[in-house]
>>> print(open('work.cif').read())   # mmCIF, C-alpha atoms
data_my_file
loop_
_atom_site.label_atom_id
_atom_site.label_comp_id
_atom_site.auth_asym_id
_atom_site.auth_seq_id
_atom_site.Cartn_x
_atom_site.Cartn_y
_atom_site.Cartn_z
CA MET A 29 -34.80 22.54 13.26
CA ALA A 30 -31.45 23.21 11.67
CA GLU A 31 -28.34 23.59 13.78
CA GLY A 32 -25.41 25.58 12.40
CA ASP A 33 -22.43 23.68 11.16
CA THR A 34 -19.98 25.77 9.17
CA GLY A 35 -16.25 25.61 8.53
CA SER A 36 -13.71 24.84 5.87
CA ASP A 37 -12.93 21.44 7.38
CA GLN A 38 -16.33 19.93 6.55
CA ARG A 39 -14.87 17.09 4.49
CA GLN A 40 -12.55 16.11 7.34
CA ASN A 41 -15.43 16.17 9.81
CA GLU A 42 -17.52 13.96 7.53
CA GLU A 43 -14.71 11.42 7.29
CA ILE A 44 -14.04 11.48 11.03
CA GLU A 45 -17.71 10.86 11.81
CA ALA A 46 -17.88 8.06 9.26
CA MET A 47 -14.76 6.39 10.69
CA ALA A 48 -16.16 6.62 14.22
CA ALA A 49 -19.43 5.05 13.05
CA ILE A 50 -17.65 2.24 11.19
CA TYR A 51 -15.02 1.30 13.79
CA GLY A 52 -16.64 2.23 17.09
CA GLU A 53 -14.34 1.59 20.06
CA GLU A 54 -11.37 0.85 17.78
CA TRP A 55 -11.37 4.56 16.82
CA CYS A 56 -9.85 6.88 19.41
CA VAL A 57 -9.61 10.68 19.53
CA ILE A 58 -6.16 11.76 20.75
CA ASP A 59 -6.52 15.51 20.21
CA ASP A 60 -9.73 16.77 18.60
CA CYS A 61 -8.47 20.33 18.06
CA ALA A 62 -5.22 19.18 16.44
CA LYS A 63 -7.10 16.51 14.45
CA ILE A 64 -4.99 13.64 15.83
CA PHE A 65 -6.62 10.21 15.94
CA CYS A 66 -5.61 6.63 16.57
CA ILE A 67 -7.18 3.38 15.45
CA ARG A 68 -6.30 -0.05 16.79
CA ILE A 69 -6.23 -2.57 13.93
CA SER A 70 -6.14 -6.35 14.41
CA ASP A 71 -6.17 -9.39 12.13
CA ASP A 72 -9.14 -10.76 14.11
CA ILE A 73 -11.35 -8.66 16.39
CA ASP A 74 -12.42 -11.61 18.58
CA ASP A 75 -9.06 -13.41 18.78
CA PRO A 76 -6.29 -11.00 17.68
CA LYS A 77 -2.90 -12.46 16.87
CA TRP A 78 -1.32 -9.37 15.30
CA THR A 79 -2.23 -5.81 16.29
CA LEU A 80 -1.04 -2.41 15.09
CA CYS A 81 -2.00 1.15 16.04
CA LEU A 82 -2.27 3.69 13.24
CA GLN A 83 -1.99 7.27 14.47
CA VAL A 84 -2.89 10.03 12.03
CA MET A 85 -2.84 13.82 12.06
CA LEU A 86 -4.98 15.55 9.45
CA PRO A 87 -3.38 18.74 8.09
CA ASN A 88 -5.60 21.59 6.94
CA GLU A 89 -4.82 20.75 3.30
CA TYR A 90 -6.13 17.17 3.60
CA PRO A 91 -7.75 15.64 1.62
CA GLY A 92 -7.39 18.21 -1.15
CA THR A 93 -3.65 18.58 -1.65
CA ALA A 94 -1.87 16.91 1.26
CA PRO A 95 -1.88 13.42 2.78
CA PRO A 96 -2.41 12.62 6.46
CA VAL A 97 0.69 12.61 8.64
CA TYR A 98 0.85 9.10 10.06
CA GLN A 99 2.67 6.89 12.52
CA LEU A 100 2.67 3.08 12.62
CA ASN A 101 2.93 1.76 16.17
CA ALA A 102 3.72 -1.90 16.80
CA PRO A 103 6.73 -3.36 18.63
CA TRP A 104 7.11 -6.12 16.02
CA LEU A 105 7.01 -3.77 12.99
CA LYS A 106 10.60 -3.08 11.96
CA GLY A 107 12.95 -2.71 9.04
CA GLN A 108 11.79 -3.84 5.62
CA GLU A 109 8.35 -4.83 6.91
CA ARG A 110 7.73 -1.28 8.13
CA ALA A 111 9.07 0.17 4.86
CA ASP A 112 6.85 -2.11 2.74
CA LEU A 113 3.72 -1.17 4.69
CA SER A 114 4.55 2.55 4.49
CA ASN A 115 5.05 2.23 0.73
CA SER A 116 1.66 0.54 0.40
CA LEU A 117 -0.08 3.39 2.26
CA GLU A 118 1.66 6.00 0.15
CA GLU A 119 0.69 4.17 -3.05
CA ILE A 120 -2.96 4.25 -1.94
CA TYR A 121 -2.66 8.02 -1.44
CA ILE A 122 -1.13 8.47 -4.91
CA GLN A 123 -4.01 6.51 -6.47
CA ASN A 124 -6.62 8.59 -4.62
CA ILE A 125 -5.23 12.14 -4.44
CA GLY A 126 -7.96 14.54 -3.32
CA GLU A 127 -10.08 11.74 -1.83
CA SER A 128 -10.63 10.59 1.75
CA ILE A 129 -8.30 7.63 2.33
CA LEU A 130 -8.33 6.74 6.04
CA TYR A 131 -10.70 3.80 5.50
CA LEU A 132 -8.50 2.48 2.67
CA TRP A 133 -5.43 2.77 4.88
CA VAL A 134 -7.04 0.95 7.80
CA GLU A 135 -8.29 -1.92 5.66
CA LYS A 136 -4.94 -2.21 3.83
CA ILE A 137 -3.22 -2.59 7.20
CA ARG A 138 -5.84 -5.14 8.24
CA ASP A 139 -5.20 -7.09 5.02
CA VAL A 140 -1.47 -7.17 5.83
CA LEU A 141 -2.17 -8.39 9.38
CA ILE A 142 -4.54 -11.10 8.11
CA GLN A 143 -1.93 -12.31 5.63
CA LYS A 144 0.66 -12.30 8.39
CA SER A 145 -1.58 -14.35 10.70
CA GLN A 146 -2.07 -16.94 7.95
CA MET A 147 1.65 -17.55 7.73
CA THR A 148 3.32 -20.19 9.87
CA GLU A 149 5.17 -17.74 12.12
CA PRO A 150 3.62 -17.35 15.61
CA GLY A 151 2.29 -14.05 16.85
CA PRO A 152 4.41 -11.77 19.01
CA GLU A 153 4.52 -12.19 22.75
CA VAL A 154 2.19 -9.52 24.03
CA LYS A 155 1.83 -8.46 27.63
CA LYS A 156 -1.13 -6.41 28.77
CA LYS A 157 -0.51 -2.68 28.61
CA THR A 158 -2.40 0.47 29.38
CA GLU A 159 -3.91 2.36 26.45
CA GLU A 160 -1.22 5.03 26.84
CA GLU A 161 1.58 2.47 26.59
CA ASP A 162 -0.13 0.76 23.67
CA VAL A 163 0.24 3.72 21.33
CA GLU A 164 3.92 4.11 22.10
CA CYS A 165 6.60 2.56 19.94
CA GLU A 166 10.36 2.63 19.54
CA ASP A 167 9.94 4.70 16.38
CA ASP A 168 8.04 7.85 17.35
CA ILE A 169 8.75 9.81 14.18
CA LEU A 170 5.61 10.93 12.38
CA LEU A 171 5.79 9.91 8.74
CA THR A 172 4.38 11.89 5.84
CA CYS A 173 4.24 10.81 2.22
CA GLN A 174 5.32 13.19 -0.52
CA PRO A 175 4.23 11.55 -3.77
CA GLU A 176 4.46 12.97 -7.24
CA ASN A 177 1.22 13.84 -8.96
CA PRO A 178 0.13 10.82 -11.03
CA VAL A 179 -0.50 11.16 -14.74
CA ARG A 180 -4.11 10.33 -15.58
CA ALA A 181 -5.43 9.22 -18.97
CA LEU A 182 -8.21 11.15 -20.67
CA ASP A 183 -11.52 9.28 -20.57
CA PHE A 184 -14.43 10.22 -22.81
CA ASP A 185 -17.75 9.18 -21.38
CA VAL A 186 -20.35 7.51 -23.61
CA SER A 187 -23.34 6.62 -21.43
CA GLU A 188 -25.84 3.85 -21.95
CA ASN A 189 -29.37 4.52 -20.72
CA GLN A 190 -30.48 2.08 -18.04
CA THR A 191 -33.96 0.61 -18.18
CA GLU A 192 -35.91 1.99 -15.27
CA ILE A 193 -37.95 -0.39 -13.15
CA GLU A 194 -41.30 0.91 -11.92
CA GLU A 195 -41.98 -1.62 -9.18
CA LEU A 196 -42.01 -0.28 -5.62
CA PRO A 197 -39.17 -2.03 -3.74
CA PRO A 198 -39.57 -3.33 -0.18
CA ILE A 199 -38.82 -0.85 2.62
CA ASP A 200 -37.14 -1.83 5.90
CA HIS A 201 -37.07 0.21 9.11
CA GLY A 202 -34.20 0.29 11.59
CA ILE A 203 -34.16 0.35 15.38
CA PRO A 204 -34.62 3.94 16.66
CA ILE A 205 -31.92 5.76 18.63
CA THR A 206 -33.08 8.28 21.26
CA ASP A 207 -30.86 10.93 22.85
CA ARG A 208 -32.11 13.85 24.97
CA ARG A 209 -35.66 13.48 23.64
CA SER A 210 -34.55 13.49 19.97
CA THR A 211 -35.25 10.24 18.13
CA PHE A 212 -33.48 9.00 15.00
CA GLN A 213 -34.65 6.11 12.80
CA ALA A 214 -33.27 4.78 9.51
CA HIS A 215 -35.31 3.41 6.61
CA LEU A 216 -33.76 1.44 3.74
CA ALA A 217 -34.88 0.27 0.30
CA PRO A 218 -33.06 -1.40 -2.62
CA VAL A 219 -33.24 0.88 -5.67
CA VAL A 220 -31.83 0.71 -9.18
CA CYS A 221 -33.04 3.98 -10.73
CA PRO A 222 -34.02 7.53 -9.68
CA LYS A 223 -37.69 6.78 -10.33
CA GLN A 224 -37.63 4.08 -7.64
CA VAL A 225 -36.03 6.59 -5.25
CA LYS A 226 -38.98 8.94 -5.77
CA MET A 227 -41.45 6.07 -5.32
CA VAL A 228 -39.88 4.99 -2.01
CA LEU A 229 -39.80 8.57 -0.70
CA ALA A 230 -43.44 9.07 -1.64
CA LYS A 231 -44.38 5.82 0.10
CA LEU A 232 -42.50 6.78 3.26
CA TYR A 233 -44.21 10.20 3.37
CA GLU A 234 -47.58 8.45 3.35
CA ASN A 235 -46.71 7.44 6.91
CA LYS A 236 -47.92 10.33 9.10
CA LYS A 237 -45.21 9.81 11.70
CA ILE A 238 -42.41 9.90 9.12
CA ALA A 239 -44.00 12.82 7.30
CA SER A 240 -44.11 14.76 10.59
CA ALA A 241 -40.40 14.23 11.35
CA THR A 242 -38.38 17.41 11.80
CA HIS A 243 -35.90 16.18 9.18
CA ASN A 244 -35.93 13.30 6.70
CA ILE A 245 -32.32 13.11 5.54
CA TYR A 246 -31.56 10.76 2.68
CA ALA A 247 -28.83 9.58 0.32
CA TYR A 248 -28.67 7.00 -2.43
CA ARG A 249 -26.13 5.38 -4.72
CA LEU A 250 -27.01 3.64 -7.98
CA SER A 251 -24.51 1.42 -9.76
CA GLU A 252 -24.19 1.82 -13.52
CA THR A 253 -22.12 0.09 -16.20
CA ARG A 254 -21.03 2.67 -18.73
CA LYS A 255 -18.99 2.55 -21.92
CA LEU A 256 -15.74 4.48 -21.78
CA LYS A 257 -13.95 5.39 -24.98
CA LYS A 258 -10.19 5.61 -24.45
CA ILE A 259 -7.74 7.14 -26.89
CA HIS A 260 -4.29 5.63 -27.33
CA HIS A 261 -1.58 6.24 -29.92
CA PHE A 262 -2.70 3.13 -31.80
CA GLY A 263 -6.41 3.98 -31.92
CA ILE A 264 -9.65 4.08 -29.93
CA TYR A 265 -11.29 1.28 -27.97
CA CYS A 266 -14.29 0.98 -25.65
CA GLU A 267 -14.51 -0.78 -22.30
CA ASP A 268 -17.13 -1.22 -19.59
CA LYS A 269 -16.55 0.79 -16.43
CA GLN A 270 -18.45 0.89 -13.16
CA THR A 271 -19.86 4.31 -12.31
CA PHE A 272 -22.31 5.61 -9.75
CA LEU A 273 -25.32 7.90 -9.87
CA GLN A 274 -25.77 9.37 -6.41
CA ASP A 275 -27.43 12.22 -4.59
CA CYS A 276 -28.45 13.33 -1.11
CA GLU A 277 -30.84 15.68 0.73
CA ASP A 278 -30.35 17.55 4.02
CA ASP A 279 -34.03 18.41 4.52
CA GLY A 280 -33.05 21.38 6.67
CA GLU A 281 -30.34 19.61 8.69
CA THR A 282 -27.32 21.39 7.24
CA ALA A 283 -24.70 19.06 5.67
CA ALA A 284 -26.36 15.92 7.07
CA GLY A 285 -27.16 14.48 3.63
CA GLY A 286 -23.58 14.89 2.45
CA ARG A 287 -22.26 13.20 5.57
CA LEU A 288 -24.65 10.31 5.08
CA LEU A 289 -23.61 9.94 1.43
CA HIS A 290 -19.95 10.04 2.46
CA LEU A 291 -20.54 7.14 4.85
CA MET A 292 -22.18 5.16 2.03
CA GLU A 293 -19.20 5.90 -0.23
CA ILE A 294 -16.73 4.68 2.38
CA LEU A 295 -18.76 1.50 2.94
CA ASN A 296 -18.97 1.12 -0.87
CA VAL A 297 -22.69 0.33 -0.84
CA ARG A 298 -24.65 0.46 -4.07
CA ASN A 299 -28.22 0.30 -5.37
CA VAL A 300 -29.69 1.39 -2.06
CA LEU A 301 -31.55 4.38 -0.61
CA VAL A 302 -31.17 5.25 3.08
CA VAL A 303 -33.48 7.74 4.79
CA VAL A 304 -32.89 8.84 8.38
CA SER A 305 -35.81 10.52 10.13
CA ARG A 306 -35.15 12.80 13.10
CA TRP A 307 -37.83 13.93 15.50
CA TYR A 308 -36.41 16.93 17.36
CA GLY A 309 -37.00 16.83 21.12
CA GLY A 310 -36.30 20.45 22.03
CA ILE A 311 -32.67 20.05 23.15
CA LEU A 312 -29.79 20.91 20.80
CA LEU A 313 -27.46 17.93 20.36
CA GLY A 314 -24.59 19.65 18.57
CA PRO A 315 -22.26 17.29 16.63
CA ASP A 316 -23.83 14.25 18.32
CA ARG A 317 -26.76 14.49 15.92
CA PHE A 318 -24.48 13.56 13.00
CA LYS A 319 -23.09 10.62 14.95
CA HIS A 320 -26.62 9.29 15.52
CA ILE A 321 -27.58 9.79 11.87
CA ASN A 322 -24.52 7.85 10.68
CA ASN A 323 -24.92 5.13 13.30
CA CYS A 324 -28.57 4.59 12.34
CA ALA A 325 -27.61 4.33 8.68
CA ARG A 326 -24.67 2.02 9.26
CA ASN A 327 -26.67 -0.29 11.53
CA ILE A 328 -29.40 -0.90 8.97
CA LEU A 329 -26.89 -1.30 6.11
CA VAL A 330 -25.03 -3.95 8.12
CA GLU A 331 -28.26 -5.63 9.22
CA LYS A 332 -29.46 -5.92 5.61
CA ASN A 333 -26.04 -7.12 4.37
CA TYR A 334 -25.27 -4.16 2.13
CA THR A 335 -21.72 -3.75 3.41
CA ASN A 336 -18.98 -5.63 1.58
CA SER A 337 -16.19 -7.42 3.36
CA PRO A 338 -13.36 -4.99 4.23
CA GLU A 339 -11.20 -6.55 1.48
CA GLU A 340 -13.84 -6.01 -1.22
CA SER A 341 -14.57 -2.45 -0.10
CA SER A 342 -10.89 -1.54 -0.04
CA LYS A 343 -10.30 -2.89 -3.55
CA ALA A 344 -13.39 -1.22 -4.95
CA LEU A 345 -12.67 2.17 -3.39
CA GLY A 346 -9.02 2.03 -4.43
CA LYS A 347 -9.95 1.96 -8.12
CA ASN A 348 -10.59 5.12 -10.11
CA LYS A 349 -14.32 5.51 -10.58
CA LYS A 350 -16.60 8.10 -12.10
CA VAL A 351 -19.46 9.45 -10.05
CA ARG A 352 -22.36 11.34 -11.58
CA LYS A 353 -24.20 13.77 -9.35
CA ASP A 354 -27.93 13.58 -9.93
CA LYS A 355 -29.73 16.88 -10.39
CA LYS A 356 -31.26 18.12 -7.17
CA ARG A 357 -35.01 17.66 -7.06
CA SER A 358 -37.55 18.84 -4.56
CA GLU A 359 -39.02 15.56 -3.30
CA HIS A 360 -41.27 17.03 -0.64
#
>>> encode(input="work.cif", output="structure tokens")
Amino acid sequence: MAEGDTGSDQRQNEEIEAMAAIYGEEWCVIDDCAKIFCIRISDDIDDPKWTLCLQVMLPNEYPGTAPPVYQLNAPWLKGQERADLSNSLEEIYIQNIGESILYLWVEKIRDVLIQKSQMTEPGPEVKKKTEEEDVECEDDILLTCQPENPVRALDFDVSENQTEIEELPPIDHGIPITDRRSTFQAHLAPVVCPKQVKMVLAKLYENKKIASATHNIYAYRLSETRKLKKIHHFGIYCEDKQTFLQDCEDDGETAAGGRLLHLMEILNVRNVLVVVSRWYGGILLGPDRFKHINNCARNILVEKNYTNSPEESSKALGKNKKVRKDKKRSEH
């Protein structure tokens, strides 16, 4: 049973839901209507030595043509150190104009904190504070970056066909989540070609319980190495470049497939298909249904070790990459 979910801020909502699924209690909603959020970032979750709060406000133009308005809150962050970190965040925005960048920002800050903790200097003296005091700082000015549009080189794509593998991959099933009589369960399979995606879906639908689900939402990402021909003033040369073939399906749950795919992009997973089955229990869940879909997917991706370390994900997402959208097919 589809539940309406319309609005021009769909991309922002997808990113917000993905961030909440990834960071859990570290992610805090300050003002949902004004799109103001805060995330507490530490060098070590279990034994933090350095901590910083990143507060962001998402303007209506983000991520298309405007960056988030942000504020860095930490009593120890001053002077050149603050300026260097701000410059790093703004450089990430310049390299990814039009893309969702909150995850990249958070993990860049975490990288800086980890590097800082590995230096010989001791951590700051920290006394316990309330959550309200924690987000306050001597510098309360909201910062916004105003970069120039970067110049991008023309790339001409010369694809190499990938050999498709016909073997049915193993399928894993996640732990179900139940809320108000609706149940959500994720299923995962390693895939390297669209044919394997179809095989896994067909196998799942052989299960009567899965086939009877109200929605079977899925998304997949396939990693490809493609030849790019670049033109320079001195001639033409070819180089290998990582690209992705990806697609998703709502199965009647409006925008759910796109949100699931967005989560997979942020986590930088590859060569994997994730299906989330929902059995509707008769009570409308509103936006919570998307939270459960993302949480189911993230849990099984983490459990099966598909998520990179934050450093690897940040570097991979920060690079320019081509993504091919697979043609929509009716799988069921």
>>> atom_distance(input="work.cif", atom1="atom CA of Lys236 of chain A", atom2="atom CA of Asn333 of chain A")
28.4 Å
>>> closest_residue(input="work.cif", among="A:Gln123, A:Thr206, A:Asn235, A:Gln99", to="Val84 of chain A", atoms="all atoms listed in the file")
A:Gln99
>>> resolve_selection(input="work.cif", expression="the PyMOL selection byres ((chain A and resi 205) around 10)", output="list in words")
Gly202, Ile203, Pro204, Thr206, Asp207, Arg209, Ser210, Thr211, Phe212, Gln213, Ala214, Arg306, His320, Ile321, Asn323 and Cys324 of chain A
>>> closest_residue(input="work.cif", among="A:Thr93, A:Ser128, A:Ser305, A:Thr79", to="Lys144 of chain A", atoms="all atoms listed in the file")
A:Thr79
>>> resolve_selection(input="work.cif", expression="the PyMOL selection byres ((chain A and resi 45) around 9)", output="list of chain:residue names")
A:Gln40, A:Asn41, A:Glu42, A:Glu43, A:Ile44, A:Ala46, A:Met47, A:Ala48, A:Ala49, A:Ile50, A:Arg287, A:Leu291, A:Phe318, A:Lys319, A:Asn322
>>> resolve_selection(input="work.cif", expression="the PyMOL selection byres ((chain A and resi 133) around 12)", output="PyMOL selection string")
chain A and resi 47+67+69+81-84+95-96+98-100+113-121+124+128-132+134-140+294+338-339+341-343+345-346
>>> residues_around(input="work.cif", residues="Asp71 of chain A", least_positions_apart="3", cutoff="6 Å", atoms="all atoms listed in the file", output="list in words")
Pro76, Trp78, Arg138, Leu141 and Ile142 of chain A
>>> atom_distance(input="work.cif", atom1="atom CA of Met85 of chain A", atom2="atom CA of Phe65 of chain A")
6.5 Å
>>> residues_around(input="work.cif", residues="Val219 of chain A", least_positions_apart="3", cutoff="6 Å", atoms="all atoms listed in the file", output="mmCIF file with C-alpha atoms, keeping the file's coordinate frame")
data_model
loop_
_atom_site.group_PDB
_atom_site.id
_atom_site.type_symbol
_atom_site.label_atom_id
_atom_site.label_comp_id
_atom_site.auth_asym_id
_atom_site.auth_seq_id
_atom_site.Cartn_x
_atom_site.Cartn_y
_atom_site.Cartn_z
ATOM 1 C CA GLN A 224 -37.630 4.080 -7.640
ATOM 2 C CA ASN A 299 -28.220 0.300 -5.370
ATOM 3 C CA VAL A 300 -29.690 1.390 -2.060
#
>>> atom_distance(input="work.cif", atom1="atom CA of Glu195 of chain A", atom2="atom CA of Lys223 of chain A")
9.5 Å
>>> closest_residue(input="work.cif", among="A:Arg317, A:Arg39, A:Lys106, A:Lys77", to="Arg208 of chain A", atoms="all atoms listed in the file")
A:Arg317
